[in-house]
Structure formats: C-alpha cells, structure tokens
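Novice: My structure file protein.cif, mmCIF, C-alpha atoms, is below:
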```
data_entry
#
loop_
_atom_site.group_PDB
_atom_site.id
_atom_site.type_symbol
_atom_site.label_atom_id
_atom_site.label_comp_id
_atom_site.auth_asym_id
_atom_site.auth_seq_id
_atom_site.Cartn_x
_atom_site.Cartn_y
_atom_site.Cartn_z
ATOM 1 C CA MET O 1 0.000 0.000 0.000
ATOM 2 C CA LYS O 2 1.905 3.036 -1.275
ATOM 3 C CA GLU O 3 0.905 6.141 0.666
ATOM 4 C CA PRO O 4 1.503 9.749 -0.463
ATOM 5 C CA HIS O 5 4.788 9.675 1.464
ATOM 6 C CA GLY O 6 6.071 6.995 -0.933
ATOM 7 C CA VAL O 7 6.551 4.223 1.655
ATOM 8 C CA ASP O 8 4.713 0.916 1.285
ATOM 9 C CA THR O 9 3.336 0.414 4.801
ATOM 10 C CA GLN O 10 1.295 -2.765 4.258
ATOM 11 C CA VAL O 11 2.264 -5.937 6.114
ATOM 12 C CA ASP O 12 0.789 -9.442 6.098
ATOM 13 C CA LEU O 13 0.158 -10.666 9.630
ATOM 14 C CA GLY O 14 -0.781 -14.303 9.203
ATOM 15 C CA GLY O 15 -3.239 -13.636 6.390
ATOM 16 C CA MET O 16 -4.465 -10.283 7.704
ATOM 17 C CA LEU O 17 -3.311 -7.505 5.380
ATOM 18 C CA LEU O 18 -2.720 -4.520 7.646
ATOM 19 C CA ARG O 19 -2.489 -1.022 6.189
ATOM 20 C CA ASN O 20 0.442 -0.463 8.539
ATOM 21 C CA PRO O 21 2.135 -2.564 11.247
ATOM 22 C CA VAL O 22 0.643 -0.771 14.277
ATOM 23 C CA LEU O 23 -2.164 -2.387 16.273
ATOM 24 C CA THR O 24 -3.375 -1.660 19.784
ATOM 25 C CA ALA O 25 -3.179 -4.341 22.438
ATOM 26 C CA SER O 26 -6.114 -6.213 23.923
ATOM 27 C CA GLY O 27 -7.309 -4.861 27.247
ATOM 28 C CA THR O 28 -5.802 -1.410 26.705
ATOM 29 C CA PHE O 29 -8.107 -0.071 23.986
ATOM 30 C CA GLY O 30 -11.546 -1.165 25.144
ATOM 31 C CA TYR O 31 -13.862 -1.969 22.266
ATOM 32 C CA GLY O 32 -12.394 0.724 20.013
ATOM 33 C CA THR O 33 -15.153 3.283 20.338
ATOM 34 C CA GLU O 34 -13.729 4.604 23.617
ATOM 35 C CA PHE O 35 -10.692 5.947 21.717
ATOM 36 C CA ALA O 36 -12.518 7.240 18.629
ATOM 37 C CA PRO O 37 -12.759 10.823 20.032
ATOM 38 C CA PHE O 38 -8.965 10.975 20.308
ATOM 39 C CA LEU O 39 -7.757 9.090 17.255
ATOM 40 C CA ASP O 40 -8.988 8.221 13.774
ATOM 41 C CA LEU O 41 -8.901 4.440 14.134
ATOM 42 C CA ARG O 42 -8.309 4.122 10.390
ATOM 43 C CA ARG O 43 -4.793 5.479 10.924
ATOM 44 C CA LEU O 44 -3.945 2.150 12.531
ATOM 45 C CA GLY O 45 -3.300 -1.260 11.073
ATOM 46 C CA GLY O 46 -6.143 -2.352 13.357
ATOM 47 C CA PHE O 47 -6.886 -3.043 16.976
ATOM 48 C CA VAL O 48 -7.290 -6.061 19.219
ATOM 49 C CA ALA O 49 -10.468 -5.826 21.286
ATOM 50 C CA LYS O 50 -10.795 -6.758 24.948
ATOM 51 C CA SER O 51 -10.621 -10.502 25.527
ATOM 52 C CA LEU O 52 -14.018 -12.146 25.183
ATOM 53 C CA THR O 53 -15.499 -15.016 27.185
ATOM 54 C CA LEU O 54 -18.714 -16.982 26.641
ATOM 55 C CA GLU O 55 -20.578 -15.108 29.361
ATOM 56 C CA PRO O 56 -20.001 -11.600 30.725
ATOM 57 C CA ARG O 57 -17.159 -11.485 33.223
ATOM 58 C CA ILE O 58 -16.876 -9.079 36.168
ATOM 59 C CA GLY O 59 -13.177 -9.469 36.856
ATOM 60 C CA ASN O 60 -11.272 -8.994 40.084
ATOM 61 C CA PRO O 61 -12.311 -6.614 42.888
ATOM 62 C CA PRO O 62 -10.345 -3.363 43.357
ATOM 63 C CA PRO O 63 -7.695 -2.277 43.863
ATOM 64 C CA ARG O 64 -6.657 -3.892 40.602
ATOM 65 C CA ILE O 65 -4.277 -1.327 39.096
ATOM 66 C CA ALA O 66 -1.100 0.018 40.698
ATOM 67 C CA GLU O 67 1.918 2.006 39.596
ATOM 68 C CA ALA O 68 5.286 0.305 39.300
ATOM 69 C CA PRO O 69 8.734 1.605 38.340
ATOM 70 C CA SER O 70 8.630 2.320 34.596
ATOM 71 C CA GLY O 71 5.285 0.592 34.222
ATOM 72 C CA MET O 72 2.074 -0.535 35.855
ATOM 73 C CA LEU O 73 0.623 -3.589 37.529
ATOM 74 C CA ASN O 74 -2.867 -4.727 36.734
ATOM 75 C CA ALA O 75 -5.128 -7.550 37.790
ATOM 76 C CA ILE O 76 -8.311 -6.659 35.923
ATOM 77 C CA SER O 77 -8.885 -10.345 35.163
ATOM 78 C CA LEU O 78 -10.475 -9.956 31.754
ATOM 79 C CA GLU O 79 -13.667 -8.101 32.616
ATOM 80 C CA ASN O 80 -15.798 -8.082 29.463
ATOM 81 C CA VAL O 81 -19.363 -8.030 28.128
ATOM 82 C CA GLY O 82 -19.256 -11.568 26.723
ATOM 83 C CA VAL O 83 -18.925 -12.690 23.124
ATOM 84 C CA ASP O 84 -22.606 -12.353 22.164
ATOM 85 C CA ALA O 85 -22.951 -8.791 23.470
ATOM 86 C CA PHE O 86 -19.724 -7.866 21.684
ATOM 87 C CA ILE O 87 -21.089 -9.149 18.376
ATOM 88 C CA ASP O 88 -24.538 -7.590 18.812
ATOM 89 C CA GLU O 89 -23.689 -4.290 20.503
ATOM 90 C CA LYS O 90 -20.004 -3.364 20.397
ATOM 91 C CA LEU O 91 -18.945 -4.462 16.931
ATOM 92 C CA PRO O 92 -21.595 -2.463 14.998
ATOM 93 C CA ALA O 93 -20.437 0.748 16.712
ATOM 94 C CA ILE O 94 -16.852 0.446 15.452
ATOM 95 C CA PRO O 95 -16.257 2.754 12.455
ATOM 96 C CA GLU O 96 -16.171 1.157 9.021
ATOM 97 C CA GLY O 97 -12.748 0.578 7.557
ATOM 98 C CA VAL O 98 -11.167 -0.434 10.873
ATOM 99 C CA MET O 99 -9.594 -3.881 11.076
ATOM 100 C CA VAL O 100 -10.879 -5.693 14.168
ATOM 101 C CA ILE O 101 -9.112 -8.641 15.769
ATOM 102 C CA ALA O 102 -11.119 -10.360 18.498
ATOM 103 C CA SER O 103 -9.274 -11.690 21.537
ATOM 104 C CA VAL O 104 -10.495 -14.987 22.986
ATOM 105 C CA PHE O 105 -10.111 -16.190 26.574
ATOM 106 C CA GLU O 106 -11.719 -18.942 28.589
ATOM 107 C CA THR O 107 -11.003 -21.288 31.481
ATOM 108 C CA ASP O 108 -11.075 -24.588 29.580
ATOM 109 C CA ILE O 109 -10.280 -25.665 26.055
ATOM 110 C CA GLU O 110 -13.825 -26.523 24.993
ATOM 111 C CA ARG O 111 -15.034 -23.062 25.988
ATOM 112 C CA TYR O 112 -12.179 -21.429 24.086
ATOM 113 C CA ALA O 113 -13.274 -23.351 21.001
ATOM 114 C CA GLU O 114 -16.897 -22.294 21.452
ATOM 115 C CA VAL O 115 -15.969 -18.602 21.584
ATOM 116 C CA CYS O 116 -13.923 -19.081 18.395
ATOM 117 C CA LYS O 117 -16.925 -20.694 16.686
ATOM 118 C CA ARG O 118 -19.238 -17.838 17.636
ATOM 119 C CA LEU O 119 -16.829 -15.256 16.220
ATOM 120 C CA SER O 120 -16.234 -17.134 12.955
ATOM 121 C CA GLY O 121 -18.138 -15.790 9.988
ATOM 122 C CA VAL O 122 -19.067 -12.581 11.800
ATOM 123 C CA PRO O 123 -18.680 -9.607 9.453
ATOM 124 C CA ARG O 124 -15.938 -7.161 10.503
ATOM 125 C CA ILE O 125 -13.907 -9.773 12.427
ATOM 126 C CA ALA O 126 -10.643 -10.064 10.499
ATOM 127 C CA GLY O 127 -8.978 -12.554 12.813
ATOM 128 C CA LEU O 128 -8.627 -13.910 16.324
ATOM 129 C CA GLU O 129 -6.003 -13.679 19.033
ATOM 130 C CA ILE O 130 -6.058 -16.608 21.446
ATOM 131 C CA ASN O 131 -5.103 -15.289 24.872
ATOM 132 C CA ALA O 132 -3.220 -18.235 26.325
ATOM 133 C CA SER O 133 -1.308 -16.187 28.843
ATOM 134 C CA CYS O 134 -3.253 -13.892 31.141
ATOM 135 C CA PRO O 135 -0.999 -13.518 34.228
ATOM 136 C CA HIS O 136 -3.648 -12.613 36.801
ATOM 137 C CA VAL O 137 -6.501 -15.098 36.492
ATOM 138 C CA LYS O 138 -6.968 -17.466 39.411
ATOM 139 C CA SER O 139 -8.530 -20.214 37.330
ATOM 140 C CA GLY O 140 -7.242 -20.991 33.847
ATOM 141 C CA GLY O 141 -5.225 -18.454 31.929
ATOM 142 C CA ILE O 142 -1.508 -18.615 32.394
ATOM 143 C CA GLU O 143 -1.377 -22.404 32.683
ATOM 144 C CA PHE O 144 -2.293 -22.750 29.011
ATOM 145 C CA GLY O 145 0.777 -20.793 27.962
ATOM 146 C CA GLN O 146 3.230 -22.456 30.351
ATOM 147 C CA ASP O 147 2.782 -26.135 29.523
ATOM 148 C CA PRO O 148 3.705 -27.104 25.928
ATOM 149 C CA ALA O 149 1.322 -30.074 25.848
ATOM 150 C CA VAL O 150 -1.629 -28.061 27.145
ATOM 151 C CA LEU O 151 -0.801 -25.170 24.823
ATOM 152 C CA GLY O 152 -0.724 -27.587 21.902
ATOM 153 C CA ARG O 153 -4.175 -28.944 22.744
ATOM 154 C CA LEU O 154 -5.558 -25.413 23.060
ATOM 155 C CA VAL O 155 -4.181 -24.220 19.729
ATOM 156 C CA ARG O 156 -5.325 -27.423 18.007
ATOM 157 C CA ALA O 157 -8.888 -27.023 19.317
ATOM 158 C CA ALA O 158 -9.066 -23.358 18.424
ATOM 159 C CA ARG O 159 -7.701 -24.035 14.937
ATOM 160 C CA ARG O 160 -10.371 -26.676 14.342
ATOM 161 C CA ALA O 161 -13.075 -24.268 15.531
ATOM 162 C CA THR O 162 -12.317 -21.455 13.081
ATOM 163 C CA THR O 163 -10.946 -20.736 9.639
ATOM 164 C CA LEU O 164 -10.078 -17.145 10.570
ATOM 165 C CA PRO O 165 -6.444 -16.056 10.797
ATOM 166 C CA MET O 166 -5.419 -16.896 14.351
ATOM 167 C CA LEU O 167 -2.685 -15.421 16.503
ATOM 168 C CA VAL O 168 -1.698 -17.016 19.813
ATOM 169 C CA LYS O 169 -0.664 -14.658 22.606
ATOM 170 C CA LEU O 170 2.128 -16.312 24.540
ATOM 171 C CA SER O 171 3.247 -15.956 28.134
ATOM 172 C CA PRO O 172 6.673 -14.521 28.976
ATOM 173 C CA ASN O 173 6.616 -16.538 32.192
ATOM 174 C CA VAL O 174 8.330 -19.546 30.624
ATOM 175 C CA THR O 175 11.888 -20.842 30.343
ATOM 176 C CA HIS O 176 12.031 -21.460 26.573
ATOM 177 C CA ILE O 177 9.829 -19.169 24.459
ATOM 178 C CA ALA O 178 11.100 -20.765 21.233
ATOM 179 C CA GLU O 179 9.625 -24.105 22.274
ATOM 180 C CA MET O 180 6.213 -22.517 22.868
ATOM 181 C CA ALA O 181 6.380 -20.722 19.526
ATOM 182 C CA ARG O 182 7.144 -23.979 17.720
ATOM 183 C CA VAL O 183 4.159 -25.671 19.408
ATOM 184 C CA CYS O 184 1.862 -22.943 18.082
ATOM 185 C CA GLU O 185 3.280 -23.191 14.573
ATOM 186 C CA ALA O 186 2.935 -26.982 14.537
ATOM 187 C CA GLU O 187 -0.711 -26.826 15.589
ATOM 188 C CA GLY O 188 -1.740 -24.386 12.876
ATOM 189 C CA ALA O 189 -1.447 -20.914 14.396
ATOM 190 C CA SER O 190 -1.265 -18.182 11.771
ATOM 191 C CA GLY O 191 1.046 -16.098 13.940
ATOM 192 C CA ILE O 192 2.194 -15.366 17.469
ATOM 193 C CA SER O 193 1.708 -12.349 19.728
ATOM 194 C CA LEU O 194 4.293 -11.763 22.433
ATOM 195 C CA ILE O 195 4.750 -10.865 25.101
ATOM 196 C CA ASN O 196 1.867 -10.634 27.534
ATOM 197 C CA ALA O 197 2.423 -8.931 30.891
ATOM 198 C CA VAL O 198 5.059 -10.359 33.209
ATOM 199 C CA GLN O 199 3.689 -11.854 36.420
ATOM 200 C CA ALA O 200 4.713 -9.560 39.272
ATOM 201 C CA LEU O 201 4.079 -8.419 42.816
ATOM 202 C CA GLU O 202 4.210 -5.040 44.554
ATOM 203 C CA VAL O 203 3.801 -4.546 48.298
ATOM 204 C CA ASP O 204 2.546 -1.819 50.642
ATOM 205 C CA PRO O 205 5.098 -2.091 53.485
ATOM 206 C CA GLU O 206 2.997 -0.080 55.952
ATOM 207 C CA ALA O 207 -0.037 -2.325 55.530
ATOM 208 C CA ARG O 208 2.158 -5.387 54.991
ATOM 209 C CA ARG O 209 -0.110 -6.397 52.120
ATOM 210 C CA PRO O 210 0.107 -6.596 48.317
ATOM 211 C CA LEU O 211 -1.024 -3.438 46.537
ATOM 212 C CA LEU O 212 -3.477 -5.437 44.421
ATOM 213 C CA ALA O 213 -6.482 -7.185 45.913
ATOM 214 C CA ASN O 214 -5.603 -10.209 43.789
ATOM 215 C CA GLY O 215 -2.074 -10.289 45.193
ATOM 216 C CA LEU O 216 -0.272 -10.969 41.933
ATOM 217 C CA GLY O 217 -0.726 -8.962 38.766
ATOM 218 C CA GLY O 218 0.742 -8.383 35.345
ATOM 219 C CA LEU O 219 3.603 -5.910 34.893
ATOM 220 C CA SER O 220 3.422 -3.943 31.642
ATOM 221 C CA GLY O 221 4.996 -0.794 30.239
ATOM 222 C CA PRO O 222 8.589 0.134 29.351
ATOM 223 C CA ALA O 223 10.007 -1.921 32.231
ATOM 224 C CA ILE O 224 9.346 -5.116 30.248
ATOM 225 C CA ARG O 225 10.471 -3.934 26.793
ATOM 226 C CA PRO O 226 13.963 -5.513 26.860
ATOM 227 C CA ILE O 227 12.399 -8.818 27.905
ATOM 228 C CA ALA O 228 9.891 -8.574 25.077
ATOM 229 C CA LEU O 229 12.548 -7.741 22.501
ATOM 230 C CA ARG O 230 14.621 -10.736 23.601
ATOM 231 C CA MET O 231 11.666 -13.100 23.338
ATOM 232 C CA VAL O 232 10.540 -11.756 19.954
ATOM 233 C CA TRP O 233 14.067 -12.237 18.612
ATOM 234 C CA GLN O 234 14.274 -15.783 19.995
ATOM 235 C CA ALA O 235 10.863 -16.746 18.632
ATOM 236 C CA ALA O 236 11.694 -15.274 15.227
ATOM 237 C CA GLN O 237 14.726 -17.577 15.023
ATOM 238 C CA ALA O 238 12.527 -20.586 15.783
ATOM 239 C CA VAL O 239 9.433 -20.229 13.565
ATOM 240 C CA ALA O 240 8.423 -19.082 10.101
ATOM 241 C CA ILE O 241 4.988 -17.727 11.040
ATOM 242 C CA PRO O 242 4.796 -13.980 11.701
ATOM 243 C CA ILE O 243 5.146 -12.405 15.122
ATOM 244 C CA CYS O 244 3.310 -9.442 16.600
ATOM 245 C CA GLY O 245 5.576 -7.741 19.133
ATOM 246 C CA ILE O 246 4.188 -6.314 22.374
ATOM 247 C CA GLY O 247 5.781 -4.796 25.443
ATOM 248 C CA GLY O 248 6.503 -1.248 26.539
ATOM 249 C CA ILE O 249 6.234 0.481 23.168
ATOM 250 C CA GLU O 250 6.147 4.240 23.772
ATOM 251 C CA THR O 251 7.662 5.652 20.572
ATOM 252 C CA ALA O 252 8.165 4.859 16.905
ATOM 253 C CA ALA O 253 11.777 3.975 17.718
ATOM 254 C CA ASP O 254 10.528 1.350 20.179
ATOM 255 C CA ALA O 255 8.261 -0.115 17.504
ATOM 256 C CA VAL O 256 11.108 -0.224 14.990
ATOM 257 C CA LYS O 257 13.200 -2.195 17.516
ATOM 258 C CA PHE O 258 10.554 -4.921 17.485
ATOM 259 C CA LEU O 259 10.441 -4.983 13.686
ATOM 260 C CA LEU O 260 14.222 -5.294 13.522
ATOM 261 C CA CYS O 261 14.092 -8.190 16.004
ATOM 262 C CA GLY O 262 11.706 -10.076 13.711
ATOM 263 C CA ALA O 263 8.183 -8.806 14.447
ATOM 264 C CA THR O 264 5.973 -8.233 11.414
ATOM 265 C CA ALA O 265 3.670 -5.930 13.399
ATOM 266 C CA VAL O 266 3.451 -4.453 16.891
ATOM 267 C CA GLN O 267 0.802 -3.731 19.490
ATOM 268 C CA VAL O 268 0.763 -0.572 21.600
ATOM 269 C CA GLY O 269 -0.634 -1.198 25.081
ATOM 270 C CA THR O 270 0.040 0.666 28.315
ATOM 271 C CA SER O 271 0.988 3.884 26.483
ATOM 272 C CA ASN O 272 -2.632 4.233 25.325
ATOM 273 C CA TYR O 273 -3.598 5.144 28.891
ATOM 274 C CA LEU O 274 -1.147 8.029 28.971
ATOM 275 C CA ARG O 275 -1.711 9.370 25.440
ATOM 276 C CA PRO O 276 -4.829 8.082 23.691
ATOM 277 C CA SER O 277 -3.532 9.197 20.283
ATOM 278 C CA ILE O 278 -0.084 7.609 20.638
ATOM 279 C CA ALA O 279 -0.648 4.609 18.345
ATOM 280 C CA GLY O 280 -1.358 6.862 15.375
ATOM 281 C CA GLU O 281 1.748 8.916 16.112
ATOM 282 C CA ILE O 282 3.829 5.736 16.265
ATOM 283 C CA ALA O 283 2.489 4.632 12.872
ATOM 284 C CA ASP O 284 3.538 7.980 11.372
ATOM 285 C CA GLY O 285 6.915 7.778 13.100
ATOM 286 C CA ILE O 286 7.698 4.384 11.591
ATOM 287 C CA VAL O 287 7.166 5.882 8.139
ATOM 288 C CA ALA O 288 9.486 8.765 9.000
ATOM 289 C CA TYR O 289 12.122 6.248 10.130
ATOM 290 C CA ALA O 290 11.789 4.315 6.855
ATOM 291 C CA GLN O 291 12.200 7.514 4.852
ATOM 292 C CA ARG O 292 15.300 8.579 6.810
ATOM 293 C CA HIS O 293 16.939 5.200 6.308
ATOM 294 C CA GLY O 294 15.954 4.669 2.678
ATOM 295 C CA TYR O 295 13.411 1.857 3.123
ATOM 296 C CA ALA O 296 10.671 1.856 0.475
ATOM 297 C CA ARG O 297 8.739 -0.911 2.281
ATOM 298 C CA ILE O 298 8.117 -1.266 6.003
ATOM 299 C CA ARG O 299 8.235 -5.051 5.704
ATOM 300 C CA ASP O 300 11.901 -4.825 4.723
ATOM 301 C CA LEU O 301 12.657 -3.768 8.301
ATOM 302 C CA VAL O 302 11.409 -7.093 9.644
ATOM 303 C CA GLY O 303 14.326 -9.141 10.947
ATOM 304 C CA ALA O 304 16.916 -6.623 9.724
ATOM 305 C CA LEU O 305 18.786 -6.595 13.042
ATOM 306 C CA GLU O 306 22.536 -6.972 12.523
ATOM 307 C CA TRP O 307 23.561 -9.464 15.196
ATOM 308 C CA PRO O 308 27.143 -9.346 16.538
ATOM 309 C CA GLY O 309 29.413 -11.948 15.011
ATOM 310 C CA ARG O 310 27.066 -12.901 12.175
#
```
Mind turning this structure into structure tokens?

Specialist:
Amino acid sequence: MKEPHGVDTQVDLGGMLLRNPVLTASGTFGYGTEFAPFLDLRRLGGFVAKSLTLEPRIGNPPPRIAEAPSGMLNAISLENVGVDAFIDEKLPAIPEGVMVIASVFETDIERYAEVCKRLSGVPRIAGLEINASCPHVKSGGIEFGQDPAVLGRLVRAARRATTLPMLVKLSPNVTHIAEMARVCEAEGASGISLINAVQALEVDPEARRPLLANGLGGLSGPAIRPIALRMVWQAAQAVAIPICGIGGIETAADAVKFLLCGATAVQVGTSNYLRPSIAGEIADGIVAYAQRHGYARIRDLVGALEWPGR
C-alpha cells in the first residue's frame, strides 16, 4: 500500500493484510469506540479488542491497578461483556474501515473453542487472538501458555473451531519461548503475539499487604520492553509464522526495535492510557524512520537486526 509519502506500509500478519504494522493491544483499547474521540482508528493497522469469554465477566475486585517503576501492575482479570454482546452491541459501533481482531479467553479448552466458533463468519472480524497467557486469572489463563502439551491442545482445538487467521498470545513466564512458539506453529497458528504482561508483585510495606487485591498482577509498560525484545528475537529464530511484538512500546523507535528483532507488526498497550492518540503517532513515526533510512517498504525492516558476530 503506497501512501503519499512513498513508503509501502502494508504488512501481512498471518493472512491479515494490515495497512500499517501498528495495532493496539487487547485490554488497553476497550472496544475501540472509547478511543474514537482521540484518534482516527483508520490510521492504525487495526486493533485487538478486549478478551471475550462466553458469558459476561466481572473481573477482580479493586484495587486492581497500581503504579510500578517504569510501568504498571494490573489484575483486571479480563472483565468483558461476553462474546454475544460484543457481536450484537459493540462491533456495529466500530467505524467502518477499521480492522478488528477479536481476543479470545476462557477457562477450559472446549469453551475457548466455542468462543472461536461464535466469532467465525461474523462480518468485521478479520482474525482472532487466542489469549493463552493472562498472568492474573486465578482459574485458567496462564497455565495454558506455560505447559507445551496443554498449549498444543488449546491451539489445536481453536484451529479446528475457526478458519479465521489466528494469533496465539504467549506468556513470557516460561523458560524457553522458542519451544512454545514452535508448538503454536505446529498446531496451525497463523502467527504469534508476544509478550503478555510479566507476572509480578508489589507490596505496601505499611499495611504489609500486596497493593493489588488479587495479590499478583501483570507488569506492563517500558520496564518489560527488553524482555519482550529478547523473546521476539528468539521466537523469530525458531518459527516461520509472523510475530506481533508487544511490550513497553512508547515511541516509533521502540516499535522499529521490534520490527528489527523479527516482528511483522506491533501492538501498543500501556501507552494508550497516557496518550490516547499515541498509536497513530507511532504509525507515522515508523514511516518517518523508513524515509530517513531509505526503506521503500516497512516489511523490509522485519528481521533486519545486525547481530554481533554474524
């Protein structure tokens, strides 16, 4: 897709042709309409909606968000309206021309598959992201992304339940991310999203209690970016399917780092809370970077990192 600036910004993320490589991350952008007053959503490659479950989900009690050095902790626990209400009420309100990726979460494999089935064939849904890695759910969630055998069964069931392009969002709370990436590729995933938040704990020393009512939460923001870059690079060496990089992206330069490490696209998350228009600015900044460095196509940045000794 050649824009007036002369740079081809289109990328192929597992069969989803994005107008540019910038998405917004699930759980940080609501259902899209919340950010429409601040940003023309059509400036983005698309957005990933809040994770959807079969029935509406209330989530954890407060306090469920806390500040952390260079980031934030959250234990929202996937509060959402449920898949049917999303299809009937939320999806029609999203402006035309916006690519929508639905995020899927559940507490057992059969329920994951059922959510995938209900989203398949729905107009406006371009693809799915299987959330196999939520770090602050007491039942289900992170276990799916930590055990290769369980992850394989989940991806296999989801793949059988839908023909839509399907990303799998992996947990950073594992020893070998390459192994998990290969499991997803073998079971038919169209691509991988990583990383999710890093499981973490912060404490109020005066009260001698965790800051979050849930105890543990997920650490996101710039504090986790070097971890995310490392895992994206390792996964990119292990699989041929595309990767969507996530973790502490605040600027276009941050996004470019992920592309260089092997990500085909990126998701902007925590920064949306601070500057609701930031994802659009990052998309423009990537183009400016490509122009400065003589790249006619954004996709030529993918994997262009020059590794020492190679």

Novice: Could you tell me, as a PyMOL selection string, which residues have any atom at most 12 Å from (-3.5, 9.2, 27.3), counting all atoms listed in the file?

Specialist: chain O and resi 28-29+34-35+37-39+250+269-279

Novice: Would you mind exporting the chosen residues as a PDB file, in the frame of the given file, restricted to C-alpha atoms?

Specialist:
```pdb
ATOM      1  CA  THR O  28      -5.802  -1.410  26.705  1.00  0.00           C
ATOM      2  CA  PHE O  29      -8.107  -0.071  23.986  1.00  0.00           C
ATOM      3  CA  GLU O  34     -13.729   4.604  23.617  1.00  0.00           C
ATOM      4  CA  PHE O  35     -10.692   5.947  21.717  1.00  0.00           C
ATOM      5  CA  PRO O  37     -12.759  10.823  20.032  1.00  0.00           C
ATOM      6  CA  PHE O  38      -8.965  10.975  20.308  1.00  0.00           C
ATOM      7  CA  LEU O  39      -7.757   9.090  17.255  1.00  0.00           C
ATOM      8  CA  GLU O 250       6.147   4.240  23.772  1.00  0.00           C
ATOM      9  CA  GLY O 269      -0.634  -1.198  25.081  1.00  0.00           C
ATOM     10  CA  THR O 270       0.040   0.666  28.315  1.00  0.00           C
ATOM     11  CA  SER O 271       0.988   3.884  26.483  1.00  0.00           C
ATOM     12  CA  ASN O 272      -2.632   4.233  25.325  1.00  0.00           C
ATOM     13  CA  TYR O 273      -3.598   5.144  28.891  1.00  0.00           C
ATOM     14  CA  LEU O 274      -1.147   8.029  28.971  1.00  0.00           C
ATOM     15  CA  ARG O 275      -1.711   9.370  25.440  1.00  0.00           C
ATOM     16  CA  PRO O 276      -4.829   8.082  23.691  1.00  0.00           C
ATOM     17  CA  SER O 277      -3.532   9.197  20.283  1.00  0.00           C
ATOM     18  CA  ILE O 278      -0.084   7.609  20.638  1.00  0.00           C
ATOM     19  CA  ALA O 279      -0.648   4.609  18.345  1.00  0.00           C
TER      20      ALA O 279
END
```

Novice: Have a look at O:Thr162, O:Thr264, O:Asn214, O:Gln291 and name the one nearest to Pro63 of chain O; count only C-alpha atoms.

Specialist: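 Smallest distance to Pro63 of chain O is found for O:Asn214.
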
Novice: For a test of reading the model, state the distance in Å between atom CA of Ala157 of chain O and atom CA of Glu187 of chain O, rounded to one decimal.

Specialist: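 Atom-to-atom, atom CA of Ala157 of chain O and atom CA of Glu187 of chain O are spaced 9.0 Å apart.
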
Novice: Looking at O:Asp254, O:Leu305, O:Tyr295, O:Phe47, which one is nearest to Trp233 of chain O, with distances taken over only C-alpha atoms?

Specialist: O:Leu305

Novice: Can you list, as a PyMOL selection string, every protein, DNA or RNA residue that comes within 12 Å of Arg57 of chain O when you count only C-alpha atoms, leaving out same-chain residues fewer than 6 positions away?

Specialist: chain O and resi 50-51+76-83+85+105-107+137

Novice: Write out as a PyMOL selection string which residues come within 7 Å of segment 91-103 of chain O when counting only C-alpha atoms, dropping same-chain ones fewer than 3 positions away.

Specialist: chain O and resi 26+32-33+41-42+45-52+86-88+124-131

Novice: Take the structure in the block and write a file for segment 252-257 of chain O, all heavy atoms, as a short mmCIF file (atom, residue, chain, number, x, y, z; two decimals), in the first residue's frame.

Specialist:
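Saved result, part.cif, follows:
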```
data_model
loop_
_atom_site.label_atom_id
_atom_site.label_comp_id
_atom_site.auth_asym_id
_atom_site.auth_seq_id
_atom_site.Cartn_x
_atom_site.Cartn_y
_atom_site.Cartn_z
N ALA O 252 7.92 5.55 18.17
CA ALA O 252 8.16 4.86 16.91
C ALA O 252 9.48 4.10 16.95
O ALA O 252 9.60 3.00 16.39
CB ALA O 252 8.16 5.87 15.76
N ALA O 253 10.50 4.67 17.61
CA ALA O 253 11.78 3.98 17.72
C ALA O 253 11.62 2.64 18.44
O ALA O 253 12.24 1.64 18.05
CB ALA O 253 12.80 4.86 18.44
N ASP O 254 10.79 2.62 19.48
CA ASP O 254 10.53 1.35 20.18
C ASP O 254 9.90 0.33 19.23
O ASP O 254 10.27 -0.84 19.22
CB ASP O 254 9.59 1.57 21.36
CG ASP O 254 10.20 2.42 22.46
OD1 ASP O 254 11.43 2.49 22.56
OD2 ASP O 254 9.41 3.03 23.23
N ALA O 255 8.93 0.79 18.44
CA ALA O 255 8.26 -0.12 17.50
C ALA O 255 9.25 -0.66 16.47
O ALA O 255 9.23 -1.86 16.15
CB ALA O 255 7.11 0.61 16.81
N VAL O 256 10.12 0.20 15.97
CA VAL O 256 11.11 -0.22 14.99
C VAL O 256 12.03 -1.30 15.58
O VAL O 256 12.42 -2.25 14.90
CB VAL O 256 11.92 0.98 14.47
CG1 VAL O 256 13.13 0.52 13.67
CG2 VAL O 256 11.03 1.88 13.61
N LYS O 257 12.37 -1.18 16.87
CA LYS O 257 13.20 -2.19 17.52
C LYS O 257 12.57 -3.57 17.39
O LYS O 257 13.25 -4.57 17.12
CB LYS O 257 13.40 -1.86 19.00
CG LYS O 257 14.22 -0.62 19.27
CD LYS O 257 14.24 -0.33 20.76
CE LYS O 257 14.92 0.99 21.07
NZ LYS O 257 14.90 1.30 22.53
#
```
